[in-house]
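File shown: model-v7.csv (CSV, C-alpha atoms).
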chain,number,residue,atom,x,y,z
A,1,MET,CA,74.7,50.8,-4.9
A,2,ARG,CA,73.3,49.2,-8.0
A,3,SER,CA,73.8,45.7,-6.5
A,4,ILE,CA,72.0,46.8,-3.3
A,5,LEU,CA,69.0,48.1,-5.3
A,6,LEU,CA,68.9,44.9,-7.3
A,7,SER,CA,68.9,42.8,-4.1
A,8,ILE,CA,66.0,44.9,-2.6
A,9,SER,CA,63.9,44.4,-5.8
A,10,MET,CA,64.5,40.6,-5.7
A,11,LEU,CA,63.3,40.5,-2.1
A,12,GLY,CA,60.1,42.4,-3.0
A,13,ILE,CA,59.3,39.9,-5.8
A,14,ILE,CA,59.8,36.9,-3.5
A,15,ALA,CA,57.5,38.5,-0.9
A,16,LEU,CA,54.8,39.2,-3.4
A,17,THR,CA,55.1,35.6,-4.8
A,18,GLY,CA,54.6,34.2,-1.3
A,19,TYR,CA,51.6,36.4,-0.6
A,20,ALA,CA,49.9,35.3,-3.8
A,21,ALA,CA,50.5,31.6,-3.0
A,22,GLN,CA,48.9,32.1,0.5
A,23,ASP,CA,45.9,33.9,-1.0
A,24,ASN,CA,45.5,31.1,-3.6
A,25,THR,CA,45.5,28.5,-0.9
A,26,ALA,CA,42.9,30.3,1.1
A,27,GLN,CA,40.5,30.2,-1.9
A,28,GLN,CA,40.9,26.5,-2.6
A,29,PRO,CA,37.4,24.8,-2.6
A,30,THR,CA,36.4,22.8,0.4
A,31,ARG,CA,35.2,19.2,0.4
A,32,ARG,CA,31.5,19.0,-0.2
A,33,GLY,CA,29.6,18.4,3.0
A,34,MET,CA,32.9,18.2,5.0
A,35,GLY,CA,33.8,21.9,5.3
A,36,MET,CA,37.6,21.3,5.1
A,37,ARG,CA,40.4,21.9,2.6
A,38,ARG,CA,41.7,19.4,0.2
A,39,GLY,CA,44.2,17.1,1.7
A,40,ALA,CA,43.2,17.9,5.3
A,41,ALA,CA,42.7,14.8,7.6
A,42,PRO,CA,39.2,14.4,9.1
A,43,ALA,CA,38.9,15.6,12.7
A,44,ARG,CA,39.0,12.8,15.2
A,45,GLN,CA,36.2,12.6,17.8
A,46,GLY,CA,36.6,11.3,21.3
A,47,THR,CA,35.3,8.0,22.6
A,48,GLN,CA,31.5,8.0,22.4
A,49,TYR,CA,29.0,6.4,24.8
A,50,VAL,CA,25.2,5.8,24.4
A,51,GLU,CA,22.8,5.7,27.3
A,52,ASN,CA,19.3,4.1,27.3
A,53,GLU,CA,17.2,1.7,29.5
A,54,ASP,CA,19.9,-1.0,29.4
A,55,GLY,CA,22.7,1.3,30.8
A,56,ARG,CA,25.6,3.3,29.5
A,57,TRP,CA,27.8,1.6,26.9
A,58,LEU,CA,30.6,2.4,24.5
A,59,VAL,CA,29.6,2.6,20.9
A,60,HIS,CA,30.1,-1.0,19.4
A,61,ASP,CA,30.7,-2.4,22.9
A,62,THR,CA,30.8,-6.2,22.6
A,63,GLU,CA,30.0,-6.5,26.3
A,64,ARG,CA,26.6,-4.8,25.8
A,65,PRO,CA,23.7,-7.3,26.4
A,66,ALA,CA,22.5,-8.8,23.1
A,67,PRO,CA,18.8,-9.3,22.4
A,68,PRO,CA,17.3,-12.7,23.0
A,69,ILE,CA,17.3,-15.2,20.1
A,70,ILE,CA,13.9,-16.3,18.8
A,71,THR,CA,12.7,-18.4,15.9
A,72,PRO,CA,10.6,-16.3,13.5
A,73,GLY,CA,7.3,-17.5,12.2
A,74,THR,CA,6.4,-18.4,8.7
A,75,ALA,CA,4.2,-16.4,6.3
A,76,SER,CA,0.7,-17.5,5.5
A,77,THR,CA,-0.6,-18.3,2.0
A,78,GLN,CA,-4.2,-18.4,0.8
A,79,GLU,CA,-4.2,-22.1,1.2
A,80,LYS,CA,-2.4,-22.5,4.5
A,81,ALA,CA,-2.0,-20.4,7.7
A,82,GLY,CA,1.5,-19.5,8.8
A,83,THR,CA,3.1,-20.0,12.2
A,84,ALA,CA,3.9,-17.6,15.0
A,85,PRO,CA,7.3,-16.5,16.3
A,86,SER,CA,8.6,-18.6,19.1
A,87,ASP,CA,8.1,-15.9,21.7
A,88,ALA,CA,4.5,-15.2,20.8
A,89,ILE,CA,1.4,-16.2,22.7
A,90,VAL,CA,-0.7,-18.2,20.2
A,91,LEU,CA,-4.4,-17.3,20.6
A,92,PHE,CA,-5.7,-19.5,17.8
A,93,ASP,CA,-3.7,-22.1,15.9
A,94,GLY,CA,-6.6,-23.6,13.9
A,95,ASN,CA,-7.5,-26.3,16.5
A,96,ASP,CA,-9.8,-25.0,19.2
A,97,LEU,CA,-11.0,-21.9,21.1
A,98,SER,CA,-9.6,-22.8,24.4
A,99,ASN,CA,-8.1,-19.3,24.8
A,100,TRP,CA,-11.5,-17.6,24.2
A,101,VAL,CA,-14.8,-17.1,26.0
A,102,SER,CA,-18.0,-15.1,25.5
A,103,THR,CA,-17.8,-11.5,26.8
A,104,ASN,CA,-19.8,-12.6,29.9
A,105,GLY,CA,-17.3,-15.3,30.7
A,106,SER,CA,-19.3,-18.2,29.5
A,107,PRO,CA,-18.1,-20.7,26.9
A,108,THR,CA,-18.4,-19.4,23.4
A,109,ASP,CA,-20.4,-21.1,20.6
A,110,TRP,CA,-18.3,-19.8,17.8
A,111,VAL,CA,-17.4,-22.7,15.5
A,112,VAL,CA,-14.0,-24.1,14.5
A,113,LYS,CA,-13.8,-25.6,11.0
A,114,ASP,CA,-11.0,-26.3,8.6
A,115,GLY,CA,-8.4,-24.3,10.6
A,116,TYR,CA,-10.5,-21.2,11.1
A,117,PHE,CA,-13.3,-20.1,13.4
A,118,THR,CA,-16.5,-18.1,12.7
A,119,PRO,CA,-19.6,-17.0,14.7
A,120,GLY,CA,-22.0,-19.6,16.0
A,121,ASN,CA,-25.8,-19.5,16.2
A,122,ARG,CA,-25.9,-17.3,19.3
A,123,GLY,CA,-23.5,-14.7,17.9
A,124,GLY,CA,-22.1,-12.3,20.4
A,125,ASP,CA,-18.6,-11.0,20.8
A,126,ILE,CA,-15.8,-13.1,22.1
A,127,LYS,CA,-12.7,-12.2,24.2
A,128,THR,CA,-9.5,-13.8,25.3
A,129,LYS,CA,-9.1,-15.3,28.7
A,130,GLN,CA,-5.8,-13.6,29.1
A,131,SER,CA,-5.4,-9.8,29.4
A,132,PHE,CA,-2.9,-7.7,27.5
A,133,GLY,CA,-1.6,-4.1,27.4
A,134,SER,CA,0.9,-2.8,24.8
A,135,CYS,CA,1.4,-5.5,22.2
A,136,GLN,CA,2.1,-6.7,18.7
A,137,LEU,CA,-0.9,-8.5,17.3
A,138,HIS,CA,-1.2,-10.6,14.2
A,139,LEU,CA,-4.7,-11.6,13.0
A,140,GLU,CA,-6.1,-13.0,9.7
A,141,PHE,CA,-9.7,-12.7,8.5
A,142,ALA,CA,-11.8,-13.4,5.4
A,143,SER,CA,-15.0,-11.7,4.4
A,144,PRO,CA,-18.1,-13.8,3.5
A,145,VAL,CA,-18.7,-15.1,0.0
A,146,PRO,CA,-20.9,-14.2,-1.8
A,147,ALA,CA,-20.6,-10.6,-0.7
A,148,VAL,CA,-24.0,-9.5,0.7
A,149,GLY,CA,-25.0,-6.0,1.8
A,150,THR,CA,-23.5,-2.6,1.4
A,151,SER,CA,-21.5,-0.1,3.4
A,152,GLN,CA,-21.4,-1.2,7.1
A,153,GLY,CA,-23.6,-4.2,6.4
A,154,ARG,CA,-21.0,-6.1,4.4
A,155,GLY,CA,-18.4,-8.2,6.1
A,156,ASN,CA,-18.5,-6.2,9.3
A,157,SER,CA,-16.5,-7.1,12.4
A,158,GLY,CA,-13.7,-5.6,14.4
A,159,VAL,CA,-10.8,-6.3,16.7
A,160,PHE,CA,-10.9,-4.4,20.0
A,161,ILE,CA,-7.5,-4.0,21.6
A,162,MET,CA,-7.9,-4.0,25.4
A,163,SER,CA,-11.6,-4.6,24.7
A,164,THR,CA,-11.8,-0.9,24.0
A,165,TYR,CA,-10.0,0.5,21.0
A,166,GLU,CA,-11.3,-0.9,17.6
A,167,VAL,CA,-9.5,-1.5,14.4
A,168,GLN,CA,-12.3,-2.0,12.0
A,169,ILE,CA,-12.8,-5.1,10.0
A,170,LEU,CA,-15.1,-4.7,6.9
A,171,ASP,CA,-15.4,-5.9,3.4
A,172,SER,CA,-14.0,-2.7,1.8
A,173,TYR,CA,-13.4,-4.2,-1.6
A,174,GLU,CA,-15.4,-2.1,-4.0
A,175,ASN,CA,-17.8,-1.2,-1.1
A,176,LYS,CA,-18.2,2.5,-0.3
A,177,THR,CA,-18.7,3.5,3.3
A,178,TYR,CA,-17.7,6.4,5.6
A,179,PRO,CA,-13.9,6.5,5.5
A,180,ASP,CA,-13.3,6.3,9.3
A,181,GLY,CA,-15.4,3.1,9.3
A,182,GLN,CA,-13.7,1.2,6.4
A,183,VAL,CA,-11.3,-1.7,7.0
A,184,GLY,CA,-8.3,-0.7,9.0
A,185,ALA,CA,-9.8,2.5,10.3
A,186,LEU,CA,-9.4,3.3,14.0
A,187,TYR,CA,-13.1,3.4,14.2
A,188,GLY,CA,-14.5,6.9,14.1
A,189,ARG,CA,-11.1,8.5,14.6
A,190,ASN,CA,-8.5,7.8,11.9
A,191,VAL,CA,-8.9,7.0,8.2
A,192,PRO,CA,-6.4,4.4,6.8
A,193,LEU,CA,-3.7,5.8,4.5
A,194,VAL,CA,-4.8,3.5,1.7
A,195,ASN,CA,-7.4,0.8,1.0
A,196,ALA,CA,-5.4,-2.4,0.6
A,197,SER,CA,-8.4,-4.8,0.6
A,198,ARG,CA,-8.4,-8.2,-1.1
A,199,LYS,CA,-11.5,-9.7,-2.7
A,200,PRO,CA,-14.3,-11.3,-0.5
A,201,GLY,CA,-13.3,-14.8,0.6
A,202,GLU,CA,-9.5,-14.2,0.3
A,203,TRP,CA,-7.5,-14.3,3.5
A,204,GLN,CA,-6.3,-10.9,4.7
A,205,THR,CA,-3.9,-9.9,7.5
A,206,PHE,CA,-3.6,-7.3,10.2
A,207,ASP,CA,-0.3,-6.6,11.9
A,208,ILE,CA,-0.9,-4.1,14.7
A,209,ILE,CA,1.6,-2.4,17.0
A,210,PHE,CA,-0.2,-0.9,20.0
A,211,HIS,CA,1.0,1.1,23.0
A,212,ARG,CA,-1.6,1.5,25.6
A,213,PRO,CA,-2.7,4.8,27.1
A,214,THR,CA,-1.9,5.8,30.7
A,215,PHE,CA,-4.2,7.6,33.2
A,216,GLU,CA,-3.9,9.6,36.4
A,217,GLY,CA,-7.2,9.7,38.1
A,218,ASN,CA,-9.8,10.5,35.4
A,219,GLU,CA,-7.3,12.2,33.1
A,220,VAL,CA,-5.3,10.5,30.3
A,221,THR,CA,-1.6,11.3,30.7
A,222,LYS,CA,-0.4,9.4,27.6
A,223,LYS,CA,-2.6,8.6,24.7
A,224,ALA,CA,-2.5,5.3,22.9
A,225,THR,CA,-0.6,4.8,19.6
A,226,PHE,CA,-1.3,2.5,16.7
A,227,THR,CA,0.7,1.3,13.8
A,228,VAL,CA,-1.3,-1.0,11.5
A,229,LEU,CA,-0.3,-3.0,8.4
A,230,HIS,CA,-3.1,-4.4,6.3
A,231,ASN,CA,-2.0,-7.2,3.9
A,232,GLY,CA,1.6,-6.0,4.5
A,233,VAL,CA,0.8,-2.4,3.6
A,234,LEU,CA,1.2,0.4,6.2
A,235,ILE,CA,-2.2,2.0,6.7
A,236,GLN,CA,-1.8,3.6,10.2
A,237,ASP,CA,1.6,5.2,10.8
A,238,HIS,CA,2.3,5.5,14.6
A,239,VAL,CA,-1.1,7.3,15.0
A,240,VAL,CA,-1.7,9.0,18.4
A,241,LEU,CA,-5.3,8.0,19.1
A,242,SER,CA,-7.2,11.2,20.0
A,243,GLY,CA,-10.0,9.5,22.0
A,244,GLY,CA,-12.1,6.4,22.3
A,245,THR,CA,-13.6,4.5,19.4
A,246,GLY,CA,-16.9,3.3,20.9
A,247,TRP,CA,-20.0,4.0,18.8
A,248,ILE,CA,-22.6,6.2,20.6
A,249,ASP,CA,-24.8,7.4,17.6
A,250,GLU,CA,-24.4,8.3,14.0
A,251,HIS,CA,-21.9,11.2,14.6
A,252,THR,CA,-20.7,10.6,18.1
A,253,ILE,CA,-18.1,8.3,19.6
A,254,THR,CA,-16.6,7.9,23.1
A,255,ASN,CA,-13.8,9.7,24.7
A,256,TYR,CA,-11.0,8.2,26.8
A,257,GLU,CA,-12.1,6.6,30.0
A,258,PRO,CA,-9.7,5.2,32.6
A,259,HIS,CA,-9.2,1.5,32.6
A,260,ALA,CA,-6.9,-1.2,33.8
A,261,ASP,CA,-3.3,-1.6,32.5
A,262,LYS,CA,-4.3,-4.9,30.9
A,263,LEU,CA,-7.6,-6.1,29.4
A,264,PRO,CA,-8.7,-8.9,27.1
A,265,LEU,CA,-8.5,-8.8,23.3
A,266,GLN,CA,-12.0,-8.8,21.9
A,267,ILE,CA,-13.5,-9.8,18.5
A,268,GLN,CA,-16.8,-8.3,17.4
A,269,TYR,CA,-19.9,-10.1,16.1
A,270,HIS,CA,-21.8,-7.8,13.7
A,271,ASN,CA,-24.2,-10.1,12.1
A,272,ASN,CA,-21.8,-11.2,9.4
A,273,PRO,CA,-20.0,-14.6,9.3
A,274,VAL,CA,-16.5,-13.3,9.0
A,275,LYS,CA,-13.8,-16.0,9.3
A,276,PHE,CA,-10.6,-15.8,11.5
A,277,ARG,CA,-7.4,-17.8,11.6
A,278,ASN,CA,-3.8,-17.6,12.8
A,279,ILE,CA,-4.0,-15.2,15.7
A,280,TRP,CA,-1.0,-14.5,17.9
A,281,ILE,CA,0.2,-11.7,20.2
A,282,ARG,CA,3.6,-10.5,21.6
A,283,GLU,CA,3.5,-8.4,24.7
A,284,LEU,CA,5.6,-5.2,24.5
A,285,LYS,CA,7.0,-2.8,27.1
A,286,ASP,CA,5.0,0.4,27.6

Turn the structure described in the file into structure tokens.
Amino acid sequence: MRSILLSISMLGIIALTGYAAQDNTAQQPTRRGMGMRRGAAPARQGTQYVENEDGRWLVHDTERPAPPIITPGTASTQEKAGTAPSDAIVLFDGNDLSNWVSTNGSPTDWVVKDGYFTPGNRGGDIKTKQSFGSCQLHLEFASPVPAVGTSQGRGNSGVFIMSTYEVQILDSYENKTYPDGQVGALYGRNVPLVNASRKPGEWQTFDIIFHRPTFEGNEVTKKATFTVLHNGVLIQDHVVLSGGTGWIDEHTITNYEPHADKLPLQIQYHNNPVKFRNIWIRELKD
């Protein structure tokens, strides 16, 4: 009998020991961010596919179409203009204005000199002969020296995408004006994130990513978007343009109005001899 009782006691101790071991395992810490116990193998996922405009493909599928190969351009310096990427349409390379006309379609009298162009005696805006919609645009400009005037009267010009939506050009170096009219503003609509202006006379750059609006009848169905870098600094971050940028009076600007899918690029003359160089554009899908 005594041996039987001893055997029962030993079995009870073994059972309690096993329970304690199981309980201790259950309370072991999990791997941070993984939600699994130490030593556990990561869960395997099934084969993954991605779908977009170029079809349905396995992740890391070597048969997936590769992007076209281009030659990138070179960066500009204050002394010398850079070059455009090989797939860009060069609108001004420092030689002539063969890609530009006056807004009425007549030859422009803007003057080419030393690799840049500037307004002629007649003034007036100029536009490209070719029309564009969604695009990547590179443009360089320099404000007049010496700096003359204040606010909107100093180094004023503008680049109008699709002849309609203005990114303001202004000498905003130590020159106070209304913020939605300083350099890099989407005129009358969006203030730049920062003022990245260089001194008057120094070459400055705009790099603009623009996606055009779409219309159905008289209604805008998709608004335009702008991303703008000024001297390499992000100043408009994928901004959805709320309306037009055309000046009506001191506190009024235009709304969206239906227009063609492609229109010329336009540069404004605003009574200031702003210089321009190294202008190129790449057409983008909508």

message: List as a PyMOL selection string the protein and nucleic acid residues near Gly181 (chain A), meaning an atom at most 9 Å away when all atoms listed in the file are counted, but skip any in the same chain fewer than 4 places from it.
response: chain A and resi 152+168-170+177+185-191

task: Between A:Ser163, A:Gln48, A:Thr221, A:Thr227, single out the one closest to Pro192 (chain A), counting all atoms listed in the file.
output: A:Thr227

- prompt: Which polymer residues, protein or nucleic acid, are no farther than 9 Å from (-11.0, 7.6, 31.5), counting all atoms listed in the file, as an MDAnalysis selection string?
  reply: chainID A and resid 215:220 255:259

message: At a cut-off of 8 Å, using all atoms listed in the file, what residues contact Thr103 (chain A)? Leave out same-chain residues fewer than 5 positions from it and give the result as a list in words.
response: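 Neighbouring residues, sequence-local ones excluded: Gly124, Asp125, Ile126 and Lys127 of chain A.
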
Residues just named, written with C-alpha atoms as a CSV table (one decimal), keeping the file's coordinate frame:
chain,number,residue,atom,x,y,z
A,124,GLY,CA,-22.1,-12.3,20.4
A,125,ASP,CA,-18.6,-11.0,20.8
A,126,ILE,CA,-15.8,-13.1,22.1
A,127,LYS,CA,-12.7,-12.2,24.2

message: Please determine, counting all atoms listed in the file, which residue among A:Gly94, A:Gly184, A:Gly55, A:Gly153 has the shortest atom-to-atom distance to Asn272 (chain A).
response: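 Once distances to Asn272 (chain A) are computed over all atoms listed in the file, the minimum belongs to A:Gly153.
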
field: Nearest residue to Pro107 (chain A) from the set A:Gly232, A:Thr128, A:Leu284, A:Glu174 (distances using only C-alpha atoms)
entry: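 Using only C-alpha atoms, Pro107 (chain A) sits closest to A:Thr128.
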
field: Among the residues A:His138, A:Arg198, A:Arg64, A:His211, the one that comes closest to Thr83 (chain A) [using only C-alpha atoms]
entry: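 The closest residue to Thr83 (chain A) is A:His138.
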
query: Suppose you want the space between CA of Gly82 (chain A) and CA of Gln136 (chain A); what is it in Å?
result: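 If I compute the distance from CA of Gly82 (chain A) to CA of Gln136 (chain A), I get 16.2 Å.
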
query: Separation of CA of Leu139 (chain A) and CA of Trp203 (chain A), in Å?
result: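 Separation between CA of Leu139 (chain A) and CA of Trp203 (chain A): 10.3 Å.
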
query: A:Met162, A:Asp61, A:Asp54, A:Leu241: which is nearest Ser134 (chain A), counting all atoms listed in the file?
result: A:Met162

- prompt: When you draw a straight line from CA of Pro264 (chain A) to CA of Gly244 (chain A), how long is it in Å?
  reply: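 If I compute the distance from CA of Pro264 (chain A) to CA of Gly244 (chain A), I get 16.4 Å.
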
With all atoms listed in the file as the counted atoms, please give the residues lying no more than 9 Å from Lys222 (chain A), apart from itself and same-chain residues fewer than 5 positions off, as a compact mmCIF listing (two decimals) with C-alpha atoms, keeping the file's coordinate frame.
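File written: out.txt
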# COMPACT_ATOMS: atom_id res chain seq x y z
CA ARG A 212 -1.60 1.50 25.60
CA PRO A 213 -2.70 4.80 27.10
CA THR A 214 -1.90 5.80 30.70
CA PHE A 215 -4.20 7.60 33.20

Contact residues around region 68-79 of chain A with only C-alpha atoms at 12 Å, ignoring same-chain residues under 6 positions, as an mmCIF file with C-alpha atoms, in the frame of the given file:
data_model
loop_
_atom_site.group_PDB
_atom_site.id
_atom_site.type_symbol
_atom_site.label_atom_id
_atom_site.label_comp_id
_atom_site.auth_asym_id
_atom_site.auth_seq_id
_atom_site.Cartn_x
_atom_site.Cartn_y
_atom_site.Cartn_z
ATOM 1 C CA PRO A 85 7.300 -16.500 16.300
ATOM 2 C CA SER A 86 8.600 -18.600 19.100
ATOM 3 C CA ASP A 87 8.100 -15.900 21.700
ATOM 4 C CA ALA A 88 4.500 -15.200 20.800
ATOM 5 C CA VAL A 90 -0.700 -18.200 20.200
ATOM 6 C CA ASP A 114 -11.000 -26.300 8.600
ATOM 7 C CA GLY A 115 -8.400 -24.300 10.600
ATOM 8 C CA TYR A 116 -10.500 -21.200 11.100
ATOM 9 C CA HIS A 138 -1.200 -10.600 14.200
ATOM 10 C CA LEU A 139 -4.700 -11.600 13.000
ATOM 11 C CA GLU A 140 -6.100 -13.000 9.700
ATOM 12 C CA PHE A 141 -9.700 -12.700 8.500
ATOM 13 C CA ALA A 142 -11.800 -13.400 5.400
ATOM 14 C CA ARG A 198 -8.400 -8.200 -1.100
ATOM 15 C CA LYS A 199 -11.500 -9.700 -2.700
ATOM 16 C CA GLY A 201 -13.300 -14.800 0.600
ATOM 17 C CA GLU A 202 -9.500 -14.200 0.300
ATOM 18 C CA TRP A 203 -7.500 -14.300 3.500
ATOM 19 C CA GLN A 204 -6.300 -10.900 4.700
ATOM 20 C CA THR A 205 -3.900 -9.900 7.500
ATOM 21 C CA ASN A 231 -2.000 -7.200 3.900
ATOM 22 C CA GLY A 232 1.600 -6.000 4.500
ATOM 23 C CA ARG A 277 -7.400 -17.800 11.600
ATOM 24 C CA ASN A 278 -3.800 -17.600 12.800
ATOM 25 C CA ILE A 279 -4.000 -15.200 15.700
ATOM 26 C CA TRP A 280 -1.000 -14.500 17.900
#

task: Check the smallest atom-to-atom distance from each of A:Pro119, A:Pro144, A:Pro200, A:Gly158 to Leu265 (chain A) using only C-alpha atoms, then report the winner.
output: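 With only C-alpha atoms as the atom set, the closest residue is A:Gly158.
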